[in-house]
Structure formats: C-alpha cells, structure tokens
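Shown below: work.cif, with mmCIF, C-alpha atoms.
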data_model
loop_
_atom_site.group_PDB
_atom_site.id
_atom_site.type_symbol
_atom_site.label_atom_id
_atom_site.label_comp_id
_atom_site.auth_asym_id
_atom_site.auth_seq_id
_atom_site.Cartn_x
_atom_site.Cartn_y
_atom_site.Cartn_z
ATOM 1 C CA MET N 1 143.649 131.745 154.602
ATOM 2 C CA LYS N 2 140.455 133.305 153.380
ATOM 3 C CA ASN N 3 141.210 132.309 149.826
ATOM 4 C CA ARG N 4 141.349 128.614 150.595
ATOM 5 C CA PRO N 5 137.683 128.248 151.542
ATOM 6 C CA GLN N 6 136.750 130.296 148.530
ATOM 7 C CA GLY N 7 138.882 128.049 146.420
ATOM 8 C CA ARG N 8 137.288 124.980 147.899
ATOM 9 C CA LEU N 9 133.855 126.540 147.401
ATOM 10 C CA ARG N 10 134.634 127.319 143.796
ATOM 11 C CA ALA N 11 135.956 123.819 143.375
ATOM 12 C CA GLY N 12 132.808 122.404 144.927
ATOM 13 C CA LEU N 13 130.528 124.539 142.750
ATOM 14 C CA SER N 14 132.471 123.717 139.619
ATOM 15 C CA SER N 15 132.576 119.986 140.362
ATOM 16 C CA ALA N 16 128.816 119.753 140.909
ATOM 17 C CA PRO N 17 127.872 120.788 137.343
ATOM 18 C CA ARG N 18 130.390 118.348 135.919
ATOM 19 C CA THR N 19 128.822 115.501 137.873
ATOM 20 C CA ARG N 20 125.302 116.522 136.824
ATOM 21 C CA ASN N 21 126.320 116.854 133.178
ATOM 22 C CA GLY N 22 127.952 113.469 133.340
ATOM 23 C CA LEU N 23 124.778 111.881 134.648
ATOM 24 C CA ILE N 24 122.689 113.622 132.001
ATOM 25 C CA GLY N 25 125.095 112.538 129.266
ATOM 26 C CA THR N 26 125.029 108.971 130.508
ATOM 27 C CA ALA N 27 121.226 109.001 130.614
ATOM 28 C CA ILE N 28 120.955 110.456 127.123
ATOM 29 C CA GLY N 29 123.449 107.924 125.841
ATOM 30 C CA SER N 30 121.447 105.108 127.385
ATOM 31 C CA VAL N 31 118.192 106.384 125.871
ATOM 32 C CA VAL N 32 119.795 106.725 122.430
ATOM 33 C CA ALA N 33 121.319 103.268 122.681
ATOM 34 C CA LEU N 34 117.968 101.822 123.740
ATOM 35 C CA ALA N 35 116.192 103.587 120.880
ATOM 36 C CA VAL N 36 118.752 102.311 118.400
ATOM 37 C CA PHE N 37 118.390 98.804 119.789
ATOM 38 C CA ILE N 38 114.590 98.943 119.649
ATOM 39 C CA GLY N 39 114.676 100.363 116.119
ATOM 40 C CA PHE N 40 117.158 97.729 114.980
ATOM 41 C CA ALA N 41 115.102 94.989 116.585
ATOM 42 C CA ALA N 42 111.935 96.283 114.919
ATOM 43 C CA VAL N 43 113.608 96.267 111.494
ATOM 44 C CA SER N 44 115.490 93.021 111.942
ATOM 45 C CA ALA N 45 113.106 90.788 113.885
ATOM 46 C CA PRO N 46 110.981 88.604 111.576
ATOM 47 C CA PRO N 47 107.192 88.870 111.997
ATOM 48 C CA ARG N 48 105.293 86.011 113.591
ATOM 49 C CA ARG N 49 103.937 83.677 110.927
ATOM 50 C CA ASP N 50 101.439 80.849 111.016
ATOM 51 C CA GLU N 51 101.901 77.386 109.528
ATOM 52 C CA ASN N 52 101.110 78.786 106.064
ATOM 53 C CA LEU N 53 103.854 81.450 106.295
ATOM 54 C CA CYS N 54 101.216 84.210 106.565
ATOM 55 C CA ILE N 55 101.788 87.009 109.085
ATOM 56 C CA VAL N 56 99.727 86.383 112.205
ATOM 57 C CA ASP N 57 96.727 88.720 112.639
ATOM 58 C CA HIS N 58 97.330 90.347 109.226
ATOM 59 C CA SER N 59 95.216 89.776 106.124
ATOM 60 C CA PRO N 60 97.344 89.072 103.027
ATOM 61 C CA PRO N 61 97.421 92.126 100.722
ATOM 62 C CA VAL N 62 96.701 89.886 97.720
ATOM 63 C CA VAL N 63 95.039 86.466 97.471
ATOM 64 C CA VAL N 64 95.394 84.399 94.302
ATOM 65 C CA ALA N 65 93.014 81.460 93.870
ATOM 66 C CA LEU N 66 94.684 79.217 91.294
ATOM 67 C CA VAL N 67 92.285 76.658 89.799
ATOM 68 C CA VAL N 68 94.058 74.066 87.658
ATOM 69 C CA ASP N 69 92.152 71.798 85.263
ATOM 70 C CA ALA N 70 94.936 70.019 83.394
ATOM 71 C CA SER N 71 93.665 66.467 83.374
ATOM 72 C CA GLY N 72 94.299 65.674 79.726
ATOM 73 C CA GLU N 73 97.072 63.521 78.373
ATOM 74 C CA PHE N 74 100.034 65.858 77.894
ATOM 75 C CA SER N 75 103.543 65.093 76.722
ATOM 76 C CA ALA N 76 106.556 66.193 78.753
ATOM 77 C CA VAL N 77 107.020 69.132 76.387
ATOM 78 C CA GLN N 78 103.381 70.186 76.798
ATOM 79 C CA GLN N 79 103.604 69.864 80.568
ATOM 80 C CA GLN N 80 106.644 72.135 80.633
ATOM 81 C CA ALA N 81 104.828 74.611 78.374
ATOM 82 C CA ILE N 82 101.939 74.711 80.839
ATOM 83 C CA LEU N 83 104.320 75.313 83.752
ATOM 84 C CA ASP N 84 106.003 78.103 81.800
ATOM 85 C CA ARG N 85 102.626 79.744 81.154
ATOM 86 C CA LEU N 86 101.754 79.332 84.814
ATOM 87 C CA ASP N 87 104.896 81.179 85.776
ATOM 88 C CA ARG N 88 104.099 84.002 83.349
ATOM 89 C CA ALA N 89 100.467 84.138 84.430
ATOM 90 C CA LEU N 90 101.378 84.341 88.110
ATOM 91 C CA ARG N 91 103.801 87.167 87.412
ATOM 92 C CA TYR N 92 101.177 88.925 85.318
ATOM 93 C CA THR N 93 98.509 88.415 87.966
ATOM 94 C CA ASP N 94 100.657 89.754 90.811
ATOM 95 C CA GLU N 95 103.936 91.340 89.708
ATOM 96 C CA PRO N 96 106.662 90.458 92.234
ATOM 97 C CA THR N 97 108.625 93.267 93.848
ATOM 98 C CA ALA N 98 111.741 91.163 94.404
ATOM 99 C CA GLU N 99 113.842 89.742 91.583
ATOM 100 C CA GLY N 100 113.674 86.000 91.105
ATOM 101 C CA ARG N 101 110.288 85.598 92.796
ATOM 102 C CA ILE N 102 107.046 84.281 91.356
ATOM 103 C CA VAL N 103 104.502 86.572 93.030
ATOM 104 C CA GLY N 104 104.467 89.710 95.145
ATOM 105 C CA ASN N 105 105.491 89.930 98.780
ATOM 106 C CA GLU N 106 103.049 88.446 101.312
ATOM 107 C CA THR N 107 100.669 87.293 98.551
ATOM 108 C CA ARG N 108 98.766 84.145 99.496
ATOM 109 C CA VAL N 109 98.452 81.553 96.734
ATOM 110 C CA ASP N 110 95.725 78.901 97.041
ATOM 111 C CA VAL N 111 95.981 76.050 94.525
ATOM 112 C CA TYR N 112 92.929 73.927 93.698
ATOM 113 C CA ASP N 113 92.557 70.738 91.695
ATOM 114 C CA ALA N 114 89.574 71.245 89.383
ATOM 115 C CA THR N 115 89.480 67.560 88.488
ATOM 116 C CA ALA N 116 88.701 66.573 92.058
ATOM 117 C CA ALA N 117 85.196 66.128 93.405
ATOM 118 C CA ALA N 118 84.360 69.827 93.488
ATOM 119 C CA GLY N 119 81.867 71.285 95.894
ATOM 120 C CA GLU N 120 81.712 73.092 99.211
ATOM 121 C CA THR N 121 84.327 70.715 100.624
ATOM 122 C CA LEU N 122 86.887 71.515 97.922
ATOM 123 C CA ALA N 123 90.090 72.419 99.767
ATOM 124 C CA PRO N 124 93.314 73.827 98.341
ATOM 125 C CA ILE N 125 96.148 71.361 97.872
ATOM 126 C CA PHE N 126 98.534 74.254 98.533
ATOM 127 C CA SER N 127 97.945 77.454 100.499
ATOM 128 C CA LYS N 128 100.846 79.659 101.607
ATOM 129 C CA CYS N 129 101.996 83.258 101.685
ATOM 130 C CA SER N 130 105.102 84.440 99.867
ATOM 131 C CA PRO N 131 107.288 85.816 102.706
ATOM 132 C CA ALA N 132 108.814 89.203 101.989
ATOM 133 C CA PRO N 133 112.590 89.687 102.237
ATOM 134 C CA LEU N 134 113.549 91.035 105.662
ATOM 135 C CA HIS N 135 116.344 93.527 105.197
ATOM 136 C CA GLY N 136 118.699 93.583 108.165
ATOM 137 C CA LEU N 137 117.927 90.063 109.342
ATOM 138 C CA GLU N 138 121.237 88.825 107.936
ATOM 139 C CA ARG N 139 123.033 91.008 110.481
ATOM 140 C CA VAL N 140 121.367 88.991 113.207
ATOM 141 C CA SER N 141 121.535 85.590 111.568
ATOM 142 C CA GLY N 142 124.953 86.097 110.040
ATOM 143 C CA ASN N 143 123.695 84.638 106.762
ATOM 144 C CA PRO N 144 122.562 87.085 104.043
ATOM 145 C CA ARG N 145 120.933 84.267 102.071
ATOM 146 C CA ARG N 146 118.906 82.885 104.943
ATOM 147 C CA VAL N 147 115.611 84.579 104.097
ATOM 148 C CA GLU N 148 115.809 83.757 100.394
ATOM 149 C CA LEU N 149 116.666 80.146 101.144
ATOM 150 C CA GLU N 150 113.639 79.889 103.419
ATOM 151 C CA TYR N 151 111.467 81.438 100.707
ATOM 152 C CA GLU N 152 112.693 78.928 98.130
ATOM 153 C CA ARG N 153 112.468 75.925 100.460
ATOM 154 C CA ASP N 154 109.172 76.682 102.212
ATOM 155 C CA PHE N 155 107.168 78.497 99.518
ATOM 156 C CA GLU N 156 108.441 78.299 95.956
ATOM 157 C CA ARG N 157 109.521 74.662 95.770
ATOM 158 C CA PRO N 158 106.311 73.289 97.364
ATOM 159 C CA LEU N 159 104.235 75.503 95.040
ATOM 160 C CA LEU N 160 106.034 74.301 91.919
ATOM 161 C CA ALA N 161 105.799 70.703 93.125
ATOM 162 C CA ALA N 162 102.034 71.035 93.604
ATOM 163 C CA LEU N 163 101.638 72.514 90.124
ATOM 164 C CA GLY N 164 103.812 69.813 88.614
ATOM 165 C CA ASP N 165 101.655 67.103 90.178
ATOM 166 C CA LEU N 166 98.484 68.670 88.783
ATOM 167 C CA VAL N 167 99.848 69.009 85.254
ATOM 168 C CA GLY N 168 100.870 65.354 85.313
ATOM 169 C CA HIS N 169 97.373 64.079 86.123
ATOM 170 C CA SER N 170 95.886 61.267 84.108
ATOM 171 C CA GLU N 171 92.929 62.041 81.866
ATOM 172 C CA SER N 172 89.522 62.418 83.506
ATOM 173 C CA ASP N 173 86.049 62.167 81.976
ATOM 174 C CA ARG N 174 84.616 64.722 84.406
ATOM 175 C CA SER N 175 85.564 68.403 84.318
ATOM 176 C CA PRO N 176 83.623 70.308 86.981
ATOM 177 C CA ILE N 177 85.259 73.643 86.147
ATOM 178 C CA LEU N 178 82.321 75.846 87.118
ATOM 179 C CA GLU N 179 81.849 74.004 90.412
ATOM 180 C CA SER N 180 85.574 74.290 91.178
ATOM 181 C CA ILE N 181 85.648 78.034 90.476
ATOM 182 C CA THR N 182 82.648 78.553 92.735
ATOM 183 C CA ALA N 183 84.028 76.531 95.624
ATOM 184 C CA ALA N 184 87.570 77.933 95.294
ATOM 185 C CA SER N 185 86.537 81.593 95.137
ATOM 186 C CA GLU N 186 84.108 81.286 98.021
ATOM 187 C CA ARG N 187 86.773 79.652 100.174
ATOM 188 C CA SER N 188 89.751 81.833 99.204
ATOM 189 C CA PHE N 189 87.904 85.159 99.229
ATOM 190 C CA ALA N 190 85.781 84.548 102.331
ATOM 191 C CA GLY N 191 85.615 87.637 104.527
ATOM 192 C CA ARG N 192 87.357 89.883 102.012
ATOM 193 C CA THR N 193 85.751 92.972 100.473
ATOM 194 C CA VAL N 194 85.814 94.658 97.087
ATOM 195 C CA THR N 195 88.558 96.949 98.388
ATOM 196 C CA ASP N 196 90.845 93.948 98.891
ATOM 197 C CA THR N 197 92.972 92.634 96.042
ATOM 198 C CA GLN N 198 91.912 89.176 94.916
ATOM 199 C CA LYS N 199 92.758 87.262 91.768
ATOM 200 C CA LEU N 200 91.276 84.151 90.218
ATOM 201 C CA LEU N 201 93.634 82.328 87.865
ATOM 202 C CA LEU N 202 92.097 79.504 85.839
ATOM 203 C CA ILE N 203 94.235 77.034 83.868
ATOM 204 C CA SER N 204 91.936 74.852 81.801
ATOM 205 C CA ASP N 205 90.834 73.685 78.375
ATOM 206 C CA LEU N 206 87.556 75.437 79.331
ATOM 207 C CA LEU N 207 85.498 72.414 78.305
ATOM 208 C CA GLN N 208 82.999 72.117 81.145
ATOM 209 C CA ASN N 209 81.705 68.563 81.542
ATOM 210 C CA SER N 210 79.533 67.761 84.566
ATOM 211 C CA GLU N 211 75.907 67.354 85.604
ATOM 212 C CA ILE N 212 75.580 71.155 85.746
ATOM 213 C CA LEU N 213 76.582 71.671 82.127
ATOM 214 C CA SER N 214 78.372 69.640 79.463
ATOM 215 C CA PHE N 215 79.751 71.274 76.341
ATOM 216 C CA TYR N 216 80.400 67.782 74.970
ATOM 217 C CA GLN N 217 76.676 67.003 75.040
ATOM 218 C CA SER N 218 75.081 70.369 74.288
ATOM 219 C CA GLY N 219 77.869 72.183 72.509
ATOM 220 C CA VAL N 220 78.842 75.725 73.508
ATOM 221 C CA VAL N 221 75.352 77.070 74.111
ATOM 222 C CA GLU N 222 74.721 80.804 74.282
ATOM 223 C CA PHE N 223 75.638 81.993 77.751
ATOM 224 C CA SER N 224 72.380 83.924 78.013
ATOM 225 C CA VAL N 225 70.514 80.596 77.742
ATOM 226 C CA PHE N 226 72.560 79.005 80.532
ATOM 227 C CA GLU N 227 72.219 82.151 82.663
ATOM 228 C CA GLN N 228 68.451 81.715 82.686
ATOM 229 C CA SER N 229 68.653 78.094 83.852
ATOM 230 C CA ALA N 230 68.336 76.901 87.439
ATOM 231 C CA ASN N 231 71.802 75.339 87.214
ATOM 232 C CA PHE N 232 73.438 78.768 86.868
ATOM 233 C CA ASN N 233 72.541 79.710 90.448
ATOM 234 C CA ALA N 234 74.436 76.644 91.701
ATOM 235 C CA VAL N 235 77.695 77.893 90.146
ATOM 236 C CA ARG N 236 77.283 81.620 90.619
ATOM 237 C CA PRO N 237 79.978 82.924 93.002
ATOM 238 C CA ASP N 238 80.203 86.601 93.891
ATOM 239 C CA LEU N 239 83.425 87.712 92.191
ATOM 240 C CA ARG N 240 82.996 91.418 92.905
ATOM 241 C CA GLY N 241 86.418 93.030 93.130
ATOM 242 C CA ALA N 242 88.199 89.979 91.696
ATOM 243 C CA ASP N 243 90.387 90.030 88.581
ATOM 244 C CA VAL N 244 90.093 86.849 86.534
ATOM 245 C CA CYS N 245 92.864 85.527 84.296
ATOM 246 C CA VAL N 246 92.441 82.471 82.069
ATOM 247 C CA VAL N 247 95.192 80.278 80.656
ATOM 248 C CA SER N 248 93.485 78.298 77.892
ATOM 249 C CA ILE N 249 94.941 74.876 77.075
ATOM 250 C CA THR N 250 94.348 73.935 73.430
ATOM 251 C CA ARG N 251 93.575 70.265 72.765
ATOM 252 C CA ALA N 252 94.374 68.396 69.545
ATOM 253 C CA ASN N 253 91.399 66.019 69.606
ATOM 254 C CA ALA N 254 88.974 66.558 66.704
ATOM 255 C CA VAL N 255 85.908 66.920 68.949
ATOM 256 C CA GLU N 256 87.617 69.322 71.293
ATOM 257 C CA ASP N 257 89.131 71.269 68.429
ATOM 258 C CA ARG N 258 85.582 71.862 67.159
ATOM 259 C CA LEU N 259 84.544 73.216 70.569
ATOM 260 C CA GLN N 260 87.611 75.322 71.361
ATOM 261 C CA THR N 261 86.821 78.429 69.371
ATOM 262 C CA THR N 262 86.596 82.150 70.013
ATOM 263 C CA ARG N 263 82.980 81.520 70.965
ATOM 264 C CA LEU N 264 84.166 79.403 73.901
ATOM 265 C CA LEU N 265 86.425 82.194 75.176
ATOM 266 C CA ARG N 266 83.568 84.673 74.862
ATOM 267 C CA TRP N 267 81.328 82.298 76.854
ATOM 268 C CA TRP N 268 83.759 82.352 79.761
ATOM 269 C CA GLU N 269 84.153 86.118 79.579
ATOM 270 C CA ASP N 270 80.367 86.419 79.803
ATOM 271 C CA TYR N 271 80.345 84.069 82.787
ATOM 272 C CA VAL N 272 82.938 86.146 84.647
ATOM 273 C CA ARG N 273 81.027 89.354 83.976
ATOM 274 C CA ALA N 274 77.763 87.727 85.099
ATOM 275 C CA THR N 275 79.401 86.850 88.411
ATOM 276 C CA ARG N 276 80.686 90.463 88.668
ATOM 277 C CA GLY N 277 84.349 89.643 88.138
ATOM 278 C CA ARG N 278 86.757 91.523 85.867
ATOM 279 C CA THR N 279 88.325 89.979 82.777
ATOM 280 C CA ASP N 280 91.447 91.109 80.980
ATOM 281 C CA GLY N 281 91.661 90.640 77.223
ATOM 282 C CA PHE N 282 95.453 90.315 77.308
ATOM 283 C CA CYS N 283 95.302 87.508 79.799
ATOM 284 C CA PHE N 284 92.685 85.637 77.797
ATOM 285 C CA GLY N 285 94.555 85.951 74.512
ATOM 286 C CA GLU N 286 98.212 85.824 75.489
ATOM 287 C CA PHE N 287 98.166 82.658 77.532
ATOM 288 C CA GLN N 288 96.569 80.200 75.110
ATOM 289 C CA ILE N 289 98.608 77.002 74.836
#
Serialized structure, structure tokens:
Amino acid sequence: MKNRPQGRLRAGLSSAPRTRNGLIGTAIGSVVALAVFIGFAAVSAPPRRDENLCIVDHSPPVVVALVVDASGEFSAVQQQAILDRLDRALRYTDEPTAEGRIVGNETRVDVYDATAAAGETLAPIFSKCSPAPLHGLERVSGNPRRVELEYERDFERPLLAALGDLVGHSESDRSPILESITAASERSFAGRTVTDTQKLLLISDLLQNSEILSFYQSGVVEFSVFEQSANFNAVRPDLRGADVCVVSITRANAVEDRLQTTRLLRWWEDYVRATRGRTDGFCFGEFQI
C-alpha cells in the first residue's frame, strides 16, 4: 500500500519534466521555424522599387550618364556598328556581374539626346536602374525565369529601343555637345560625391557646333585658348570623381575628315581634365568608329 503513493509520486515527478521539455521543444521549434521563415522572406522578397526600377531610399551604386550625339546620316550597317560599340562601351564602363547583361546590378543609366535643345531643362529620354537577379524568388513565384524576363522587358529592351531611336536621327546642323554634357552631368550626378561611382559616356563625332563654340567656323582651336574665354564657364561642369569614356564616330565628309584628327581627341581629353574628370586612353582609342 505504501508503494502505490510512491509510485504515483514518482510517476507525477517523471511526467512533469516530460511535459516541460515538450513545451520547450515546441517553443524552440516555433522560434526556429519563424527564423527560417523570416530569413527566407528576407532573401526571397524583392525590394521595393520606384517607377524607374531603382530601389526605394537607396542611391544607385553606379550612375552612367550616356550622352548620344549621332545625328549624322548613317547607313543601316553604320547604325548597327554604333549600337555594337555602345554595347561594348557600356560593358567597359560598368562591367556586369551577371552573364547576358549590359551593365552591372542596380546601375542607373540615364540616356540624353545631344541633338536636342540642350540646357538646364535637358531631361533624359531614358532613366532606369538595372535590377539585380534575386536568388530564391523563383521558389516563391514558381518561375525561375521571372526575374530575368522582367529585366529584359522593363530595362534592357527599352534601353536598346531608346538608343536605336537616337542612332536613327536625321542630320542636324546644330551639335551642342558641350552644353549637353554640362546639363546631363549636372542632372545625373546631382547630390552625389567623389566617393560615389559615376560615369559619363559620350557617343559623338566630337564636332562641336553651337553659339558657344563651332569647330566648323574656327577649326579645332587650342583648348587653352577656349579655356580662357567667357564661354568656357557656361559649359564647365564639375566632373570630380567621374570617369569619362568617349566613343568617337568618324565621318566621311571631306570637311569633317579634315577636323577629325588626333588633335580633336586631345582637345576633348583636355576639356575633361579641365572639368576635373578622368579620361581613359583605351576608351578613347578603342571605340573609334
């Protein structure tokens, strides 16, 4: 008789730890499951983006201001050659981290038409960020190609379409290249510092022709002479911290052939240095068309 209460007591004491351990195990399991869920959600959930595909409240790691001055009469073959050089120049300017892409992840590309009425109101005809691949999102969406399809549809195709339209422009008598560079860089690089990564990519025949300066009228004057003129201050952006790449389009016209010499390339290199930008000899030489 005395053993029964002891047995019940032992049973009661032994059952209590099992219940407590079970509750602790359940709690730990719930915490682990919640942590896994939160971690998975953090990896898988896409970031909030604005209408330009840029991450909300985050400055793009790289900004490329692409100024296109391709207003001459070009054949279909020449137009394709320019687009090919553009592709190479973009890759050179910001090497993509994902195969099959044009520029690096989250880079913002601003495209400007240099043949337009340049000035403070010059606005990009294209301005979007290249969305990075989101690994793990396919497990939520059920479609492993979803992110890449969105990249192609919303970023790459519109960018190539904008470039194609610029290359196909009809010839223009006015080439405000300096004004376009000034307006584009001031708009694209506003608020950024020398520690940020910013690139200026110019596609042009480099033959400035406006009220500020006309190589057709004065020839390719020494840059030091232009630098001392009042007009220089009107087209003098602050390119500190910016890398500048030039794709030079060679023209077949006799007058333009006389102007498009090594001296012209050196003039533009001097201009970039005078505005505190950085030039790259490879970019200047490799991408002549």
For this session: Tell me which of N:Val235, N:Ala98, N:Ala183, N:Ala242 sits closest to N:Gln198, counting only C-alpha atoms.
Result: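 Ranking N:Val235, N:Ala98, N:Ala183, N:Ala242 by distance to N:Gln198, first place goes to N:Ala242.
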For this session: Please write as number ranges by chain the full residue list that the PyMOL selection byres ((chain N and resi 49-57) around 6) yields on this file.
Result: N: 48, 58, 128-129
For this session: Could you list the residues chosen by the PyMOL selection byres ((chain N and resi 249) around 8) in this structure as a PyMOL selection string?
Result: chain N and resi 70+82+203-206+247-248+250-251+288-289
Exercise. On this structure, which residues satisfy the PyMOL selection byres ((chain N and resi 261-268) around 10), written as a list in words?
Worked result: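 Checking the PyMOL selection byres ((chain N and resi 261-268) around 10) against this file, the residues are Leu178, Asp205, Leu206, Leu207, Phe215, Gly219, Val220, Val221, Glu222, Phe223, Ser224, Val246, Ser248, Thr250, Glu256, Asp257, Arg258, Leu259, Gln260, Glu269, Asp270, Tyr271, Val272, Arg273, Ala274, Thr279, Phe284 and Gly285 of chain N.
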Exercise. N:Leu201, N:Leu213, N:Cys245, N:Leu66: which is nearest N:Leu159, counting only C-alpha atoms?
Worked result: N:Leu66
Exercise. Which residues, written as a PyMOL selection string, have at least one atom at most 9 Å from N:Asp94, with all atoms listed in the file counted and residues fewer than 4 positions away on the same chain left out?
Worked result: chain N and resi 62+64+89-90+102-104+107+199
Exercise. Using all atoms listed in the file, which residue out of N:Pro237, N:Asn253, N:Ser130, N:Gly191 lies closest to N:Gly277?
Worked result: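 Nearest candidate to N:Gly277 out of N:Pro237, N:Asn253, N:Ser130, N:Gly191: N:Pro237.
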Exercise. So, counting only C-alpha atoms, which residue among N:Leu200, N:Ile177, N:Ala184, N:Val111 is closest to N:Leu160?
Worked result: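 With only C-alpha atoms as the atom set, the closest residue is N:Val111.
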Exercise. When distances are computed from only C-alpha atoms, which of N:Arg101, N:Arg192, N:Arg276, N:Arg85 shows the smallest separation from N:Phe155?
Worked result: N:Arg101
Around all the atoms of stretch 225-238 of chain N listed in the file, with 8 Å of room on each side, what axis-aligned box do you get, giving centre and edge lengths in Å to one decimal, as lines of an AutoDock Vina configuration file?
center_x = 74.3
center_y = 81.0
center_z = 85.8
size_x = 27.9
size_y = 27.3
size_z = 32.1
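Counting all atoms listed in the file and comparing N:Leu202, N:Ala234, N:Val63, N:Val244, the residue that lies closest to N:Glu106 is N:Val63.
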For this session: For N:Ile125, please output as a ChimeraX atom specification all residues within 8 Å (counting all atoms listed in the file; exclusion window: fewer than 4 positions along the same chain).
Result: /N:110-113,162
C-alpha atoms of the current selection, written as a PDB file, keeping the file's coordinate frame:
ATOM      1  CA  ASP N 110      95.725  78.901  97.041  1.00  0.00           C
ATOM      2  CA  VAL N 111      95.981  76.050  94.525  1.00  0.00           C
ATOM      3  CA  TYR N 112      92.929  73.927  93.698  1.00  0.00           C
ATOM      4  CA  ASP N 113      92.557  70.738  91.695  1.00  0.00           C
ATOM      5  CA  ALA N 162     102.034  71.035  93.604  1.00  0.00           C
TER       6      ALA N 162
END
Exercise. Suppose you want the space between atom CA of N:Asp154 and atom CA of N:Phe74; what is it in Å?
Worked result: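 Atom CA of N:Asp154 sits 28.1 Å away from atom CA of N:Phe74.
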Problem set entry | Two-atom distance - atom CA of N:Glu148, atom CA of N:Ser188 (Å) | 26.2 Å
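Going from atom CA of N:Arg278 over to atom CA of N:Gly241, you cover 7.4 Å.
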Exercise: N:Ala116 partners within 9 Å, all atoms listed in the file, chain neighbours under 6 positions left out, as a PDB file with C-alpha atoms, in the frame of the given file:
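The resulting file, result.pdb, is shown below:
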ATOM      1  CA  LEU N 122      86.887  71.515  97.922  1.00  0.00           C
ATOM      2  CA  ARG N 174      84.616  64.722  84.406  1.00  0.00           C
ATOM      3  CA  SER N 175      85.564  68.403  84.318  1.00  0.00           C
ATOM      4  CA  PRO N 176      83.623  70.308  86.981  1.00  0.00           C
ATOM      5  CA  SER N 180      85.574  74.290  91.178  1.00  0.00           C
TER       6      SER N 180
END
Could I get stretch 232-246 of chain N rebuilt with N, CA and C atoms, written as a PDB file, in the coordinates of the input?
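Output file out06.pdb is given in full below:
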ATOM      1  N   PHE N 232      72.517  77.640  86.755  1.00  0.00           N
ATOM      2  CA  PHE N 232      73.438  78.768  86.868  1.00  0.00           C
ATOM      3  C   PHE N 232      73.580  79.233  88.314  1.00  0.00           C
ATOM      4  N   ASN N 233      72.484  79.253  89.055  1.00  0.00           N
ATOM      5  CA  ASN N 233      72.541  79.710  90.448  1.00  0.00           C
ATOM      6  C   ASN N 233      73.419  78.818  91.318  1.00  0.00           C
ATOM      7  N   ALA N 234      73.607  77.560  90.917  1.00  0.00           N
ATOM      8  CA  ALA N 234      74.436  76.644  91.701  1.00  0.00           C
ATOM      9  C   ALA N 234      75.922  76.913  91.510  1.00  0.00           C
ATOM     10  N   VAL N 235      76.281  77.602  90.433  1.00  0.00           N
ATOM     11  CA  VAL N 235      77.695  77.893  90.146  1.00  0.00           C
ATOM     12  C   VAL N 235      77.857  79.386  89.892  1.00  0.00           C
ATOM     13  N   ARG N 236      77.296  80.170  90.790  1.00  0.00           N
ATOM     14  CA  ARG N 236      77.283  81.620  90.619  1.00  0.00           C
ATOM     15  C   ARG N 236      77.956  82.296  91.819  1.00  0.00           C
ATOM     16  N   PRO N 237      79.290  82.266  91.893  1.00  0.00           N
ATOM     17  CA  PRO N 237      79.978  82.924  93.002  1.00  0.00           C
ATOM     18  C   PRO N 237      79.922  84.439  92.847  1.00  0.00           C
ATOM     19  N   ASP N 238      80.142  85.142  93.939  1.00  0.00           N
ATOM     20  CA  ASP N 238      80.203  86.601  93.891  1.00  0.00           C
ATOM     21  C   ASP N 238      81.668  86.990  93.709  1.00  0.00           C
ATOM     22  N   LEU N 239      82.037  87.365  92.489  1.00  0.00           N
ATOM     23  CA  LEU N 239      83.425  87.712  92.191  1.00  0.00           C
ATOM     24  C   LEU N 239      83.653  89.219  92.166  1.00  0.00           C
ATOM     25  N   ARG N 240      82.803  89.964  92.852  1.00  0.00           N
ATOM     26  CA  ARG N 240      82.996  91.418  92.905  1.00  0.00           C
ATOM     27  C   ARG N 240      84.385  91.754  93.441  1.00  0.00           C
ATOM     28  N   GLY N 241      85.088  92.614  92.707  1.00  0.00           N
ATOM     29  CA  GLY N 241      86.418  93.030  93.130  1.00  0.00           C
ATOM     30  C   GLY N 241      87.524  92.077  92.730  1.00  0.00           C
ATOM     31  N   ALA N 242      87.179  90.967  92.063  1.00  0.00           N
ATOM     32  CA  ALA N 242      88.199  89.979  91.696  1.00  0.00           C
ATOM     33  C   ALA N 242      88.581  90.124  90.225  1.00  0.00           C
ATOM     34  N   ASP N 243      89.882  90.085  89.953  1.00  0.00           N
ATOM     35  CA  ASP N 243      90.387  90.030  88.581  1.00  0.00           C
ATOM     36  C   ASP N 243      90.534  88.568  88.186  1.00  0.00           C
ATOM     37  N   VAL N 244      90.074  88.239  86.994  1.00  0.00           N
ATOM     38  CA  VAL N 244      90.093  86.849  86.534  1.00  0.00           C
ATOM     39  C   VAL N 244      90.998  86.730  85.316  1.00  0.00           C
ATOM     40  N   CYS N 245      91.930  85.799  85.387  1.00  0.00           N
ATOM     41  CA  CYS N 245      92.864  85.527  84.296  1.00  0.00           C
ATOM     42  C   CYS N 245      92.689  84.067  83.877  1.00  0.00           C
ATOM     43  N   VAL N 246      92.644  83.829  82.579  1.00  0.00           N
ATOM     44  CA  VAL N 246      92.441  82.471  82.069  1.00  0.00           C
ATOM     45  C   VAL N 246      93.612  82.056  81.190  1.00  0.00           C
TER      46      VAL N 246
END
